[in-house]
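So this block is input01.txt, compact mmCIF, C-alpha atoms:
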# COMPACT_ATOMS: atom_id res chain seq x y z
CA MET U 1 -11.28 -71.11 27.54
CA ARG U 2 -13.96 -69.38 29.60
CA VAL U 3 -11.40 -67.61 31.77
CA GLN U 4 -9.53 -66.30 28.75
CA TYR U 5 -12.76 -65.05 27.14
CA SER U 6 -13.81 -63.23 30.30
CA HIS U 7 -10.41 -61.52 30.50
CA ARG U 8 -10.77 -60.17 26.95
CA LYS U 9 -14.19 -58.72 27.72
CA LYS U 10 -12.75 -56.89 30.69
CA GLN U 11 -9.96 -55.43 28.51
CA LYS U 12 -12.48 -54.12 25.99
CA GLY U 13 -14.45 -52.44 28.71
CA VAL U 14 -11.38 -50.66 30.07
CA THR U 15 -10.41 -49.49 26.56
CA LEU U 16 -13.82 -47.94 26.00
CA ILE U 17 -13.63 -46.12 29.31
CA LEU U 18 -10.12 -44.77 28.59
CA THR U 19 -11.13 -43.72 25.06
CA ALA U 20 -14.16 -41.87 26.35
CA MET U 21 -12.03 -40.09 28.96
CA ALA U 22 -9.41 -39.17 26.35
CA MET U 23 -12.01 -37.81 23.96
CA GLY U 24 -13.13 -35.40 26.65
CA VAL U 25 -9.63 -33.92 26.57
CA VAL U 26 -8.64 -34.37 22.92
CA LEU U 27 -11.79 -32.96 21.30
CA PRO U 28 -11.58 -29.57 23.07
CA LEU U 29 -7.89 -29.36 22.13
CA VAL U 30 -8.68 -30.13 18.50
CA GLY U 31 -11.47 -27.56 18.55
CA LEU U 32 -9.16 -25.01 20.13
CA SER U 33 -6.52 -25.55 17.45
CA ILE U 34 -9.09 -25.20 14.66
CA ASP U 35 -10.54 -22.01 16.12
CA ALA U 36 -7.04 -20.64 16.77
CA GLY U 37 -6.10 -21.33 13.15
CA ILE U 38 -9.20 -19.52 11.91
CA LEU U 39 -8.49 -16.57 14.23
CA TYR U 40 -4.90 -16.40 12.95
CA ALA U 41 -6.07 -16.42 9.32
CA ILE U 42 -8.61 -13.67 10.02
CA LYS U 43 -6.02 -11.60 11.90
CA ALA U 44 -3.46 -11.93 9.08
CA LYS U 45 -6.04 -10.98 6.45
CA LEU U 46 -7.28 -8.05 8.53
CA GLN U 47 -3.73 -6.78 9.07
CA ALA U 48 -2.94 -7.01 5.36
CA ALA U 49 -6.13 -5.09 4.55
CA ALA U 50 -5.32 -2.37 7.08
CA ASP U 51 -1.78 -2.04 5.70
CA ALA U 52 -3.08 -1.88 2.13
CA GLY U 53 -5.56 0.83 3.08
CA ALA U 54 -2.91 2.91 4.85
CA LEU U 55 -0.46 2.65 1.94
CA ALA U 56 -3.10 3.51 -0.65
CA GLY U 57 -4.35 6.40 1.46
CA ALA U 58 -0.87 7.88 1.83
CA ARG U 59 -0.26 7.57 -1.90
CA SER U 60 -3.49 9.43 -2.67
CA LEU U 61 -2.65 12.46 -0.52
CA ASN U 62 -1.63 14.21 -3.75
CA ARG U 63 -5.22 14.31 -5.04
CA GLY U 64 -6.89 17.66 -4.55
CA LEU U 65 -5.90 21.32 -4.65
CA ASP U 66 -6.25 21.91 -0.90
CA LEU U 67 -5.50 20.01 2.30
CA ALA U 68 -9.15 19.20 3.05
CA SER U 69 -9.80 17.58 -0.33
CA GLN U 70 -6.50 15.69 -0.11
CA SER U 71 -7.49 14.28 3.29
CA ASP U 72 -10.95 13.32 1.98
CA SER U 73 -9.34 11.57 -0.97
CA ALA U 74 -6.96 9.67 1.30
CA ARG U 75 -9.78 8.50 3.59
CA ALA U 76 -11.96 7.34 0.72
CA THR U 77 -9.08 5.52 -0.95
CA ALA U 78 -7.94 3.88 2.28
CA LEU U 79 -11.44 2.56 3.03
CA ALA U 80 -11.90 1.33 -0.54
CA PHE U 81 -8.63 -0.63 -0.43
CA PHE U 82 -9.41 -2.00 3.04
CA ASN U 83 -12.85 -3.24 1.99
CA ALA U 84 -11.46 -4.77 -1.20
CA ASN U 85 -8.80 -6.68 0.72
CA PHE U 86 -11.09 -7.89 3.53
CA PRO U 87 -14.50 -8.80 2.09
CA GLU U 88 -17.45 -9.10 4.45
CA GLY U 89 -17.94 -12.69 5.63
CA HIS U 90 -14.33 -13.78 5.19
CA PHE U 91 -14.01 -17.04 7.19
CA GLY U 92 -17.41 -16.25 8.67
CA ALA U 93 -16.27 -12.92 10.15
CA ARG U 94 -18.88 -10.20 10.60
CA ASN U 95 -19.26 -6.62 11.84
CA ARG U 96 -16.35 -5.40 9.70
CA SER U 97 -15.43 -1.78 10.43
CA ALA U 98 -12.52 0.57 9.82
CA SER U 99 -11.69 4.17 10.69
CA VAL U 100 -9.09 6.38 8.99
CA THR U 101 -7.22 9.25 10.64
CA ILE U 102 -4.67 11.59 9.05
CA THR U 103 -2.28 13.46 11.30
CA GLU U 104 0.91 15.51 11.08
CA THR U 105 3.42 13.24 12.80
CA ALA U 106 6.68 15.05 11.97
CA TYR U 107 7.93 18.11 10.12
CA ARG U 108 6.16 18.18 6.73
CA THR U 109 5.12 14.55 7.19
CA ARG U 110 1.54 13.23 7.20
CA THR U 111 0.62 9.78 8.47
CA VAL U 112 -2.46 7.80 7.44
CA ARG U 113 -3.67 5.36 10.11
CA VAL U 114 -6.29 2.66 9.55
CA ASP U 115 -7.83 1.03 12.66
CA ALA U 116 -9.87 -2.06 11.77
CA THR U 117 -12.01 -4.47 13.79
CA VAL U 118 -14.02 -7.57 12.94
CA THR U 119 -15.94 -10.20 14.90
CA ALA U 120 -14.57 -13.71 14.35
CA PRO U 121 -16.78 -16.76 14.97
CA SER U 122 -15.92 -19.52 17.45
CA TRP U 123 -16.92 -22.88 16.00
CA PHE U 124 -15.78 -25.20 18.76
CA LEU U 125 -15.09 -22.77 21.58
CA GLY U 126 -18.76 -21.88 21.40
CA LEU U 127 -19.40 -25.17 23.18
CA LEU U 128 -17.48 -23.67 26.11
CA GLY U 129 -19.50 -20.45 26.03
CA ILE U 130 -17.06 -18.39 23.92
CA ARG U 131 -19.35 -17.43 21.05
CA ALA U 132 -17.18 -14.86 19.22
CA THR U 133 -13.86 -13.02 19.42
CA GLU U 134 -13.10 -9.44 18.38
CA VAL U 135 -9.99 -9.13 16.20
CA ARG U 136 -8.18 -5.79 15.77
CA ALA U 137 -5.48 -4.53 13.40
CA THR U 138 -3.78 -1.20 12.74
CA GLY U 139 -1.98 -0.09 9.58
CA MET U 140 0.10 3.09 9.28
CA SER U 141 1.87 4.76 6.37
CA SER U 142 3.62 8.14 6.22
CA ARG U 143 4.14 10.53 3.34
CA ARG U 144 6.96 13.04 3.55
CA ASP U 145 6.58 16.30 1.64
CA VAL U 146 9.09 16.93 -1.14
CA ASN U 147 11.03 19.89 -2.49
CA LEU U 148 11.51 19.04 -6.16
CA VAL U 149 13.07 20.67 -9.19
CA LEU U 150 12.26 18.93 -12.46
CA VAL U 151 14.94 19.41 -15.14
CA LEU U 152 13.91 18.61 -18.73
CA ASP U 153 16.28 18.26 -21.69
CA ARG U 154 14.71 19.88 -24.76
CA SER U 155 17.81 19.86 -27.00
CA SER U 156 17.64 19.07 -30.72
CA SER U 157 18.40 15.38 -30.18
CA MET U 158 15.14 15.09 -28.22
CA SER U 159 13.01 15.78 -31.31
CA GLY U 160 11.84 12.17 -31.58
CA ALA U 161 11.24 11.79 -27.85
CA MET U 162 9.63 15.10 -26.87
CA SER U 163 6.07 13.80 -26.93
CA ALA U 164 6.92 10.82 -24.72
CA MET U 165 8.94 12.99 -22.34
CA ARG U 166 6.19 15.58 -22.00
CA SER U 167 3.64 12.86 -21.25
CA ALA U 168 5.88 11.15 -18.68
CA ALA U 169 6.82 14.44 -17.00
CA ARG U 170 3.18 15.52 -16.69
CA MET U 171 2.19 12.18 -15.14
CA PHE U 172 5.14 12.45 -12.76
CA VAL U 173 4.25 15.96 -11.58
CA ASP U 174 0.65 14.90 -10.97
CA LYS U 175 1.89 12.52 -8.24
CA PHE U 176 2.78 15.45 -5.98
CA ALA U 177 0.51 17.28 -3.54
CA GLU U 178 -0.58 20.86 -4.15
CA GLY U 179 0.01 23.05 -1.10
CA ARG U 180 2.39 20.54 0.51
CA ASP U 181 5.08 19.56 -2.00
CA ARG U 182 7.07 22.32 -3.68
CA VAL U 183 7.87 21.96 -7.37
CA GLY U 184 10.05 23.93 -9.77
CA LEU U 185 10.69 23.44 -13.50
CA ILE U 186 13.81 24.07 -15.59
CA VAL U 187 14.07 23.27 -19.30
CA PHE U 188 17.34 23.40 -21.16
CA GLY U 189 18.90 23.08 -24.57
CA GLY U 190 22.03 25.11 -25.18
CA ALA U 191 20.93 27.46 -22.41
CA SER U 192 18.61 26.88 -19.47
CA VAL U 193 15.24 28.50 -18.77
CA LEU U 194 13.75 28.81 -15.30
CA ALA U 195 10.20 28.03 -16.36
CA PHE U 196 8.47 27.78 -12.97
CA PRO U 197 8.13 29.64 -10.77
CA ASN U 198 9.24 32.69 -12.69
CA PRO U 199 10.16 34.96 -11.05
CA SER U 200 11.47 32.73 -8.30
CA PRO U 201 12.45 34.71 -5.21
CA SER U 202 11.96 31.75 -2.86
CA GLY U 203 12.56 28.65 -4.98
CA PRO U 204 10.06 25.91 -5.91
CA SER U 205 6.41 26.72 -5.24
CA PRO U 206 3.71 24.68 -3.44
CA TYR U 207 1.10 26.02 -5.90
CA PHE U 208 2.41 24.30 -9.00
CA LYS U 209 -1.04 22.98 -9.99
CA SER U 210 -3.20 26.05 -9.36
CA ALA U 211 -0.79 28.71 -10.67
CA SER U 212 -1.34 30.24 -14.10
CA PRO U 213 0.39 28.97 -16.09
CA ASN U 214 0.96 25.85 -14.02
CA VAL U 215 3.72 23.28 -14.42
CA ASP U 216 1.52 20.92 -16.42
CA THR U 217 0.79 23.65 -18.99
CA LEU U 218 4.44 24.70 -19.24
CA ILE U 219 5.55 21.12 -19.85
CA SER U 220 2.93 20.79 -22.59
CA GLN U 221 4.23 23.96 -24.27
CA THR U 222 7.89 22.94 -24.23
CA VAL U 223 9.51 22.72 -27.67
CA ASN U 224 12.94 21.40 -28.51
CA GLY U 225 16.06 22.88 -30.05
CA GLY U 226 19.66 23.81 -29.34
CA ASN U 227 22.60 21.93 -27.90
CA THR U 228 22.86 20.12 -24.55
CA GLY U 229 24.17 22.37 -21.79
CA THR U 230 23.51 20.06 -18.86
CA ALA U 231 25.80 21.63 -16.26
CA GLN U 232 24.04 25.00 -16.25
CA ALA U 233 20.61 23.36 -15.85
CA LEU U 234 21.68 21.24 -12.89
CA TRP U 235 23.41 24.19 -11.26
CA MET U 236 20.28 26.32 -11.62
CA ALA U 237 18.19 23.51 -10.11
CA TYR U 238 20.52 23.31 -7.14
CA GLN U 239 20.32 27.07 -6.64
CA GLU U 240 16.52 26.84 -6.58
CA LEU U 241 16.70 24.36 -3.70
CA VAL U 242 19.23 26.57 -1.92
CA LYS U 243 16.65 29.38 -1.92
CA LEU U 244 14.31 27.21 0.19
CA ASN U 245 17.05 26.76 2.80
CA GLU U 246 15.65 23.46 4.12
CA ALA U 247 18.77 21.37 4.52
CA GLY U 248 16.96 18.62 6.46
CA ALA U 249 14.04 18.33 4.03
CA LEU U 250 13.59 15.82 1.22
CA ASN U 251 15.23 17.89 -1.54
CA LEU U 252 15.28 16.30 -5.00
CA ILE U 253 16.43 17.11 -8.52
CA VAL U 254 14.81 14.84 -11.13
CA PHE U 255 16.59 14.90 -14.49
CA PHE U 256 15.05 13.87 -17.84
CA THR U 257 17.58 13.58 -20.69
CA ASP U 258 18.46 11.39 -23.67
CA GLY U 259 22.23 11.39 -23.52
CA LEU U 260 25.54 13.07 -22.80
CA PRO U 261 26.05 16.85 -22.73
CA ASN U 262 27.83 18.15 -25.81
CA GLY U 263 28.92 21.57 -24.64
CA ILE U 264 29.97 23.62 -21.65
CA VAL U 265 27.91 26.72 -21.02
CA ALA U 266 29.56 29.81 -19.58
CA ASP U 267 28.83 33.52 -19.17
CA PHE U 268 31.79 34.94 -21.04
CA ASN U 269 31.46 38.68 -20.55
CA ARG U 270 30.60 39.08 -16.89
CA PRO U 271 31.07 42.75 -15.90
CA GLU U 272 33.27 41.82 -12.93
CA PRO U 273 36.87 41.78 -14.25
CA ALA U 274 37.80 38.74 -12.15
CA GLN U 275 34.89 36.75 -13.63
CA ASN U 276 35.14 37.89 -17.25
CA LEU U 277 36.24 34.92 -19.36
CA LEU U 278 37.39 36.94 -22.37
CA ARG U 279 40.99 38.00 -22.68
CA THR U 280 41.72 41.68 -22.21
CA THR U 281 43.43 41.53 -25.60
CA SER U 282 40.27 40.27 -27.28
CA GLY U 283 38.80 42.57 -29.86
CA CYS U 284 35.28 41.25 -29.31
CA LYS U 285 33.08 44.32 -29.05
CA TYR U 286 30.78 42.66 -26.51
CA ARG U 287 33.56 41.99 -23.99
CA LEU U 288 32.64 44.80 -21.60
CA VAL U 289 29.14 45.66 -22.79
CA GLN U 290 26.76 45.87 -19.84
CA ASN U 291 23.40 44.07 -19.99
CA ARG U 292 24.48 42.10 -23.06
CA PRO U 293 25.38 38.74 -21.54
CA MET U 294 26.90 36.14 -23.81
CA ILE U 295 26.82 32.37 -23.57
CA GLY U 296 29.01 29.93 -25.37
CA PHE U 297 29.70 26.27 -25.96
CA ILE U 298 33.42 25.89 -25.63
CA SER U 299 33.56 22.74 -27.75
CA GLN U 300 31.34 20.10 -29.24
CA THR U 301 32.32 16.68 -27.99
CA SER U 302 31.97 13.09 -29.08
CA GLY U 303 32.70 10.37 -26.55
CA PHE U 304 34.03 13.00 -24.12
CA ALA U 305 36.70 14.08 -26.67
CA PRO U 306 36.68 17.51 -28.38
CA THR U 307 35.96 17.31 -32.09
CA GLY U 308 37.71 20.59 -32.88
CA ASN U 309 34.53 22.42 -33.86
CA THR U 310 32.61 24.90 -31.77
CA VAL U 311 29.17 26.38 -31.91
CA GLY U 312 30.70 29.74 -31.08
CA ILE U 313 29.71 32.49 -28.70
CA LYS U 314 26.12 33.67 -28.81
CA LEU U 315 24.36 36.73 -27.52
CA HIS U 316 22.23 35.51 -24.65
CA ASN U 317 18.63 36.31 -25.54
CA ALA U 318 15.92 35.15 -23.17
CA SER U 319 14.22 31.92 -24.20
CA THR U 320 10.90 30.48 -23.06
CA VAL U 321 9.59 26.93 -22.95
CA SER U 322 7.69 27.54 -26.18
CA SER U 323 10.59 29.08 -28.11
CA VAL U 324 14.30 28.44 -28.49
CA ASN U 325 16.03 31.79 -28.93
CA GLU U 326 19.65 31.44 -27.98
CA GLY U 327 20.73 34.35 -30.11
CA VAL U 328 22.87 34.64 -33.20
CA ILE U 329 26.40 33.28 -33.30
CA THR U 330 28.82 36.16 -33.26
CA THR U 331 30.96 36.65 -36.33
CA ASN U 332 34.44 37.91 -36.92
CA SER U 333 32.91 41.20 -38.01
CA ASP U 334 32.01 41.69 -34.33
CA GLY U 335 35.71 41.63 -33.57
CA CYS U 336 35.43 38.15 -32.06
CA ALA U 337 38.00 35.73 -33.42
CA TYR U 338 36.24 32.54 -32.36
CA ARG U 339 33.72 31.28 -34.81
CA SER U 340 34.15 27.67 -35.87
CA ASN U 341 37.54 26.49 -34.70
CA GLN U 342 38.79 25.99 -31.17
CA ASN U 343 42.23 27.28 -32.13
CA TYR U 344 40.66 30.64 -33.00
CA MET U 345 38.78 30.61 -29.71
CA ARG U 346 42.04 30.73 -27.79
CA GLN U 347 42.60 34.24 -29.10
CA ASP U 348 39.60 35.44 -27.13
CA VAL U 349 38.83 32.99 -24.33
CA ALA U 350 41.07 33.20 -21.28
Render the structure in this file as structure tokens.
Amino acid sequence: MRVQYSHRKKQKGVTLILTAMAMGVVLPLVGLSIDAGILYAIKAKLQAAADAGALAGARSLNRGLDLASQSDSARATALAFFNANFPEGHFGARNRSASVTITETAYRTRTVRVDATVTAPSWFLGLLGIRATEVRATGMSSRRDVNLVLVLDRSSSMSGAMSAMRSAARMFVDKFAEGRDRVGLIVFGGASVLAFPNPSPSGPSPYFKSASPNVDTLISQTVNGGNTGTAQALWMAYQELVKLNEAGALNLIVFFTDGLPNGIVADFNRPEPAQNLLRTTSGCKYRLVQNRPMIGFISQTSGFAPTGNTVGIKLHNASTVSSVNEGVITTNSDGCAYRSNQNYMRQDVA
């Protein structure tokens, strides 16, 4: 019995020695894993904050009427979003700092960069002399300048939606950057109006907020009336972008409407014989009259099918956003056979 008891005491002594030796290895490993986990959490949070700041900064480059104020706005917004997403003292981190730079990184492209650093604590590694670790993160976001033509439907069917459309269009335009983005405005009912810039020798303008009247004011003044001549409006918008001659740029046409077009717009009495849409046998007295352009809606439609009725041919008077003046429908007394029936129209329209 004594021999067996002595043997057990020796085993216990060896176990204590082995446990003590193992603890010298295991505890540092456990401490390392805990500190590494904390460092990873701080790094992930710091990276997310830097990304959030860069994205918010790029989105706010539209605020301000000049490049300096836009850059100031982007820096302030980027720092505000960074600080909100990485609060001081997160997981014991300290010395939080971030810097924001804005540079032109490509043609008509600005990039917001957020460089962030923070000092992360070392809970267990401090026992080995590693008191703290500096963690870094970089977030970048780019904003490409836009060439935009906004096309607004102001036809009669929009009467119940004009207020909502004006409000939405004004908010939309405010998202773009004065001096960088270029914006044009076309409103249309039966006929289209180039509202801004007007005149437009070079297409959409970068000064759509500071001009007088500016796009926001013109949208607010837009009234509704007339039919829906969509094709002419979209064609005019395309021609505005063609004037800029920037094939590789971000060229956009944004179209606000409530439904299908119900007429086809055409210039009927172009002075060039090959482009005049009226028959030479037509008795319409405006057929070859210079400086008296005419527009017409060849047929009203329902579900893409002609109904048999027409609005008729109108003298093309200039309209504005605040008035719908598409002229008076011509009558048979003008020598024009078309008036209210598409069969009559065939006597005049080629």
Subject >> Between CA of Leu55 (chain U) and CA of Ala68 (chain U), distance in Å (one decimal) >> reply: 18.7 Å
Subject >> CA of Ala50 (chain U) to CA of Ala116 (chain U), distance in Å rounded to a single decimal >> reply: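 For CA of Ala50 (chain U) relative to CA of Ala116 (chain U), the distance reads 6.5 Å.
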Original post:
CA of Leu79 (chain U) and CA of Arg94 (chain U) are how many Å apart?
Top reply: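 Taking CA of Leu79 (chain U) and CA of Arg94 (chain U), their separation equals 16.6 Å.
Proximity ranking of U:Thr133, U:Ser33, U:Gln232, U:Ser163 relative to Ile186 (chain U) places U:Gln232 first, based on only C-alpha atoms.
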Original post:
So which residues touch region 144-146 of chain U within 10 Å, counting all atoms listed in the file, skipping near sequence neighbours fewer than 5 positions away, as a PyMOL selection string?
Top reply: chain U and resi 58+104-111+176-177+179-183+206+249-252
Taking 5 positions as the minimum chain separation for residues in the same chain, which residues sit within 10 Å of Thr101 (chain U) when counting all atoms listed in the file? Answer as an mmCIF file with C-alpha atoms, in the coordinates of the input.
data_model
loop_
_atom_site.group_PDB
_atom_site.id
_atom_site.type_symbol
_atom_site.label_atom_id
_atom_site.label_comp_id
_atom_site.auth_asym_id
_atom_site.auth_seq_id
_atom_site.Cartn_x
_atom_site.Cartn_y
_atom_site.Cartn_z
ATOM 1 C CA ALA U 54 -2.910 2.910 4.850
ATOM 2 C CA SER U 71 -7.490 14.280 3.290
ATOM 3 C CA ALA U 74 -6.960 9.670 1.300
ATOM 4 C CA ARG U 75 -9.780 8.500 3.590
ATOM 5 C CA ALA U 78 -7.940 3.880 2.280
ATOM 6 C CA THR U 111 0.620 9.780 8.470
ATOM 7 C CA VAL U 112 -2.460 7.800 7.440
ATOM 8 C CA ARG U 113 -3.670 5.360 10.110
ATOM 9 C CA VAL U 114 -6.290 2.660 9.550
ATOM 10 C CA ASP U 115 -7.830 1.030 12.660
ATOM 11 C CA MET U 140 0.100 3.090 9.280
#
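Proximity to Ala164 (chain U) was assessed for U:Val187, U:Thr257, U:Ala274, U:Pro204 counting all atoms listed in the file; the smallest distance is recorded for U:Thr257.
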As AutoDock Vina command-line options, please: the centre and edge lengths in Å, to one decimal, of an axis-aligned box enclosing every listed atom of region 111-120 of chain U with 8 Å added on each side.
--center_x -7.7 --center_y -2.0 --center_z 11.2 --size_x 32.6 --size_y 39.5 --size_z 23.5
**OP:** For each of U:Leu150, U:Ile102, U:Leu46, U:Val215, take the minimum atom-to-atom distance to Ser73 (chain U), counting all atoms listed in the file, then give the residue where this is smallest.
**Re:**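 Checking each candidate against Ser73 (chain U), we get U:Ile102 as the closest.
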Original post:
In terms of the shortest atom-to-atom distance over all atoms listed in the file, which of U:Val135, U:Leu65, U:Val193, U:Met158 is closest to Tyr207 (chain U)?
Top reply: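 Using all atoms listed in the file, Tyr207 (chain U) sits closest to U:Leu65.
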Subject >> Of the listed residues U:Ala76, U:Ala191, U:Val321, U:Ala93, that which approaches Gly226 (chain U) most closely, counting all atoms listed in the file >> reply: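 Result for the nearest residue to Gly226 (chain U): U:Ala191.
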As a PDB file, keeping the file's coordinate frame, could you write out region 197-219 of chain U once it has been completed with N, CA, C and O atoms?
ATOM      1  N   PRO U 197       8.862  28.379 -10.643  1.00  0.00           N
ATOM      2  CA  PRO U 197       8.130  29.640 -10.770  1.00  0.00           C
ATOM      3  C   PRO U 197       9.036  30.717 -11.356  1.00  0.00           C
ATOM      4  O   PRO U 197      10.241  30.690 -11.141  1.00  0.00           O
ATOM      5  N   ASN U 198       8.470  31.619 -12.079  1.00  0.00           N
ATOM      6  CA  ASN U 198       9.240  32.690 -12.690  1.00  0.00           C
ATOM      7  C   ASN U 198       8.439  33.986 -12.621  1.00  0.00           C
ATOM      8  O   ASN U 198       7.389  34.087 -13.254  1.00  0.00           O
ATOM      9  N   PRO U 199       8.903  34.945 -11.800  1.00  0.00           N
ATOM     10  CA  PRO U 199      10.160  34.960 -11.050  1.00  0.00           C
ATOM     11  C   PRO U 199      10.138  33.992  -9.870  1.00  0.00           C
ATOM     12  O   PRO U 199       9.075  33.532  -9.454  1.00  0.00           O
ATOM     13  N   SER U 200      11.337  33.724  -9.355  1.00  0.00           N
ATOM     14  CA  SER U 200      11.470  32.730  -8.300  1.00  0.00           C
ATOM     15  C   SER U 200      12.281  33.278  -7.134  1.00  0.00           C
ATOM     16  O   SER U 200      13.439  32.908  -6.948  1.00  0.00           O
ATOM     17  N   PRO U 201      11.682  34.150  -6.326  1.00  0.00           N
ATOM     18  CA  PRO U 201      12.450  34.710  -5.210  1.00  0.00           C
ATOM     19  C   PRO U 201      12.715  33.711  -4.093  1.00  0.00           C
ATOM     20  O   PRO U 201      13.671  33.858  -3.335  1.00  0.00           O
ATOM     21  N   SER U 202      11.855  32.678  -3.990  1.00  0.00           N
ATOM     22  CA  SER U 202      11.960  31.750  -2.860  1.00  0.00           C
ATOM     23  C   SER U 202      12.118  30.300  -3.271  1.00  0.00           C
ATOM     24  O   SER U 202      11.977  29.396  -2.451  1.00  0.00           O
ATOM     25  N   GLY U 203      12.374  30.027  -4.545  1.00  0.00           N
ATOM     26  CA  GLY U 203      12.560  28.650  -4.980  1.00  0.00           C
ATOM     27  C   GLY U 203      11.261  27.985  -5.393  1.00  0.00           C
ATOM     28  O   GLY U 203      10.247  28.650  -5.656  1.00  0.00           O
ATOM     29  N   PRO U 204      11.251  26.660  -5.470  1.00  0.00           N
ATOM     30  CA  PRO U 204      10.060  25.910  -5.910  1.00  0.00           C
ATOM     31  C   PRO U 204       8.813  26.298  -5.124  1.00  0.00           C
ATOM     32  O   PRO U 204       8.876  26.619  -3.938  1.00  0.00           O
ATOM     33  N   SER U 205       7.669  26.237  -5.807  1.00  0.00           N
ATOM     34  CA  SER U 205       6.410  26.720  -5.240  1.00  0.00           C
ATOM     35  C   SER U 205       5.483  25.560  -4.874  1.00  0.00           C
ATOM     36  O   SER U 205       5.435  24.548  -5.584  1.00  0.00           O
ATOM     37  N   PRO U 206       4.704  25.714  -3.777  1.00  0.00           N
ATOM     38  CA  PRO U 206       3.710  24.680  -3.440  1.00  0.00           C
ATOM     39  C   PRO U 206       2.441  24.780  -4.291  1.00  0.00           C
ATOM     40  O   PRO U 206       1.578  23.914  -4.202  1.00  0.00           O
ATOM     41  N   TYR U 207       2.330  25.816  -5.124  1.00  0.00           N
ATOM     42  CA  TYR U 207       1.100  26.020  -5.900  1.00  0.00           C
ATOM     43  C   TYR U 207       1.362  25.755  -7.388  1.00  0.00           C
ATOM     44  O   TYR U 207       0.973  26.521  -8.260  1.00  0.00           O
ATOM     45  N   PHE U 208       2.008  24.637  -7.643  1.00  0.00           N
ATOM     46  CA  PHE U 208       2.410  24.300  -9.000  1.00  0.00           C
ATOM     47  C   PHE U 208       1.261  23.769  -9.847  1.00  0.00           C
ATOM     48  O   PHE U 208       1.389  23.666 -11.065  1.00  0.00           O
ATOM     49  N   LYS U 209       0.126  23.436  -9.232  1.00  0.00           N
ATOM     50  CA  LYS U 209      -1.040  22.980  -9.990  1.00  0.00           C
ATOM     51  C   LYS U 209      -2.055  24.092 -10.216  1.00  0.00           C
ATOM     52  O   LYS U 209      -2.730  24.117 -11.249  1.00  0.00           O
ATOM     53  N   SER U 210      -2.181  25.009  -9.265  1.00  0.00           N
ATOM     54  CA  SER U 210      -3.200  26.050  -9.360  1.00  0.00           C
ATOM     55  C   SER U 210      -2.674  27.348  -9.957  1.00  0.00           C
ATOM     56  O   SER U 210      -3.459  28.236 -10.291  1.00  0.00           O
ATOM     57  N   ALA U 211      -1.356  27.489 -10.093  1.00  0.00           N
ATOM     58  CA  ALA U 211      -0.790  28.710 -10.670  1.00  0.00           C
ATOM     59  C   ALA U 211      -1.181  28.825 -12.144  1.00  0.00           C
ATOM     60  O   ALA U 211      -1.604  27.855 -12.777  1.00  0.00           O
ATOM     61  N   SER U 212      -1.041  30.024 -12.680  1.00  0.00           N
ATOM     62  CA  SER U 212      -1.340  30.240 -14.100  1.00  0.00           C
ATOM     63  C   SER U 212      -0.182  31.004 -14.744  1.00  0.00           C
ATOM     64  O   SER U 212       0.071  32.157 -14.385  1.00  0.00           O
ATOM     65  N   PRO U 213       0.536  30.367 -15.681  1.00  0.00           N
ATOM     66  CA  PRO U 213       0.390  28.970 -16.090  1.00  0.00           C
ATOM     67  C   PRO U 213       0.980  28.024 -15.052  1.00  0.00           C
ATOM     68  O   PRO U 213       1.916  28.393 -14.342  1.00  0.00           O
ATOM     69  N   ASN U 214       0.436  26.820 -14.976  1.00  0.00           N
ATOM     70  CA  ASN U 214       0.960  25.850 -14.020  1.00  0.00           C
ATOM     71  C   ASN U 214       2.023  24.974 -14.690  1.00  0.00           C
ATOM     72  O   ASN U 214       2.291  25.090 -15.889  1.00  0.00           O
ATOM     73  N   VAL U 215       2.628  24.100 -13.904  1.00  0.00           N
ATOM     74  CA  VAL U 215       3.720  23.280 -14.420  1.00  0.00           C
ATOM     75  C   VAL U 215       3.240  22.359 -15.536  1.00  0.00           C
ATOM     76  O   VAL U 215       3.940  22.158 -16.539  1.00  0.00           O
ATOM     77  N   ASP U 216       2.053  21.809 -15.390  1.00  0.00           N
ATOM     78  CA  ASP U 216       1.520  20.920 -16.420  1.00  0.00           C
ATOM     79  C   ASP U 216       1.420  21.637 -17.766  1.00  0.00           C
ATOM     80  O   ASP U 216       1.805  21.099 -18.811  1.00  0.00           O
ATOM     81  N   THR U 217       0.920  22.872 -17.753  1.00  0.00           N
ATOM     82  CA  THR U 217       0.790  23.650 -18.990  1.00  0.00           C
ATOM     83  C   THR U 217       2.157  23.962 -19.588  1.00  0.00           C
ATOM     84  O   THR U 217       2.361  23.851 -20.806  1.00  0.00           O
ATOM     85  N   LEU U 218       3.105  24.350 -18.750  1.00  0.00           N
ATOM     86  CA  LEU U 218       4.440  24.700 -19.240  1.00  0.00           C
ATOM     87  C   LEU U 218       5.139  23.495 -19.857  1.00  0.00           C
ATOM     88  O   LEU U 218       5.833  23.624 -20.875  1.00  0.00           O
ATOM     89  N   ILE U 219       4.964  22.325 -19.263  1.00  0.00           N
ATOM     90  CA  ILE U 219       5.550  21.120 -19.850  1.00  0.00           C
ATOM     91  C   ILE U 219       4.932  20.851 -21.222  1.00  0.00           C
ATOM     92  O   ILE U 219       5.624  20.510 -22.188  1.00  0.00           O
TER      93      ILE U 219
END
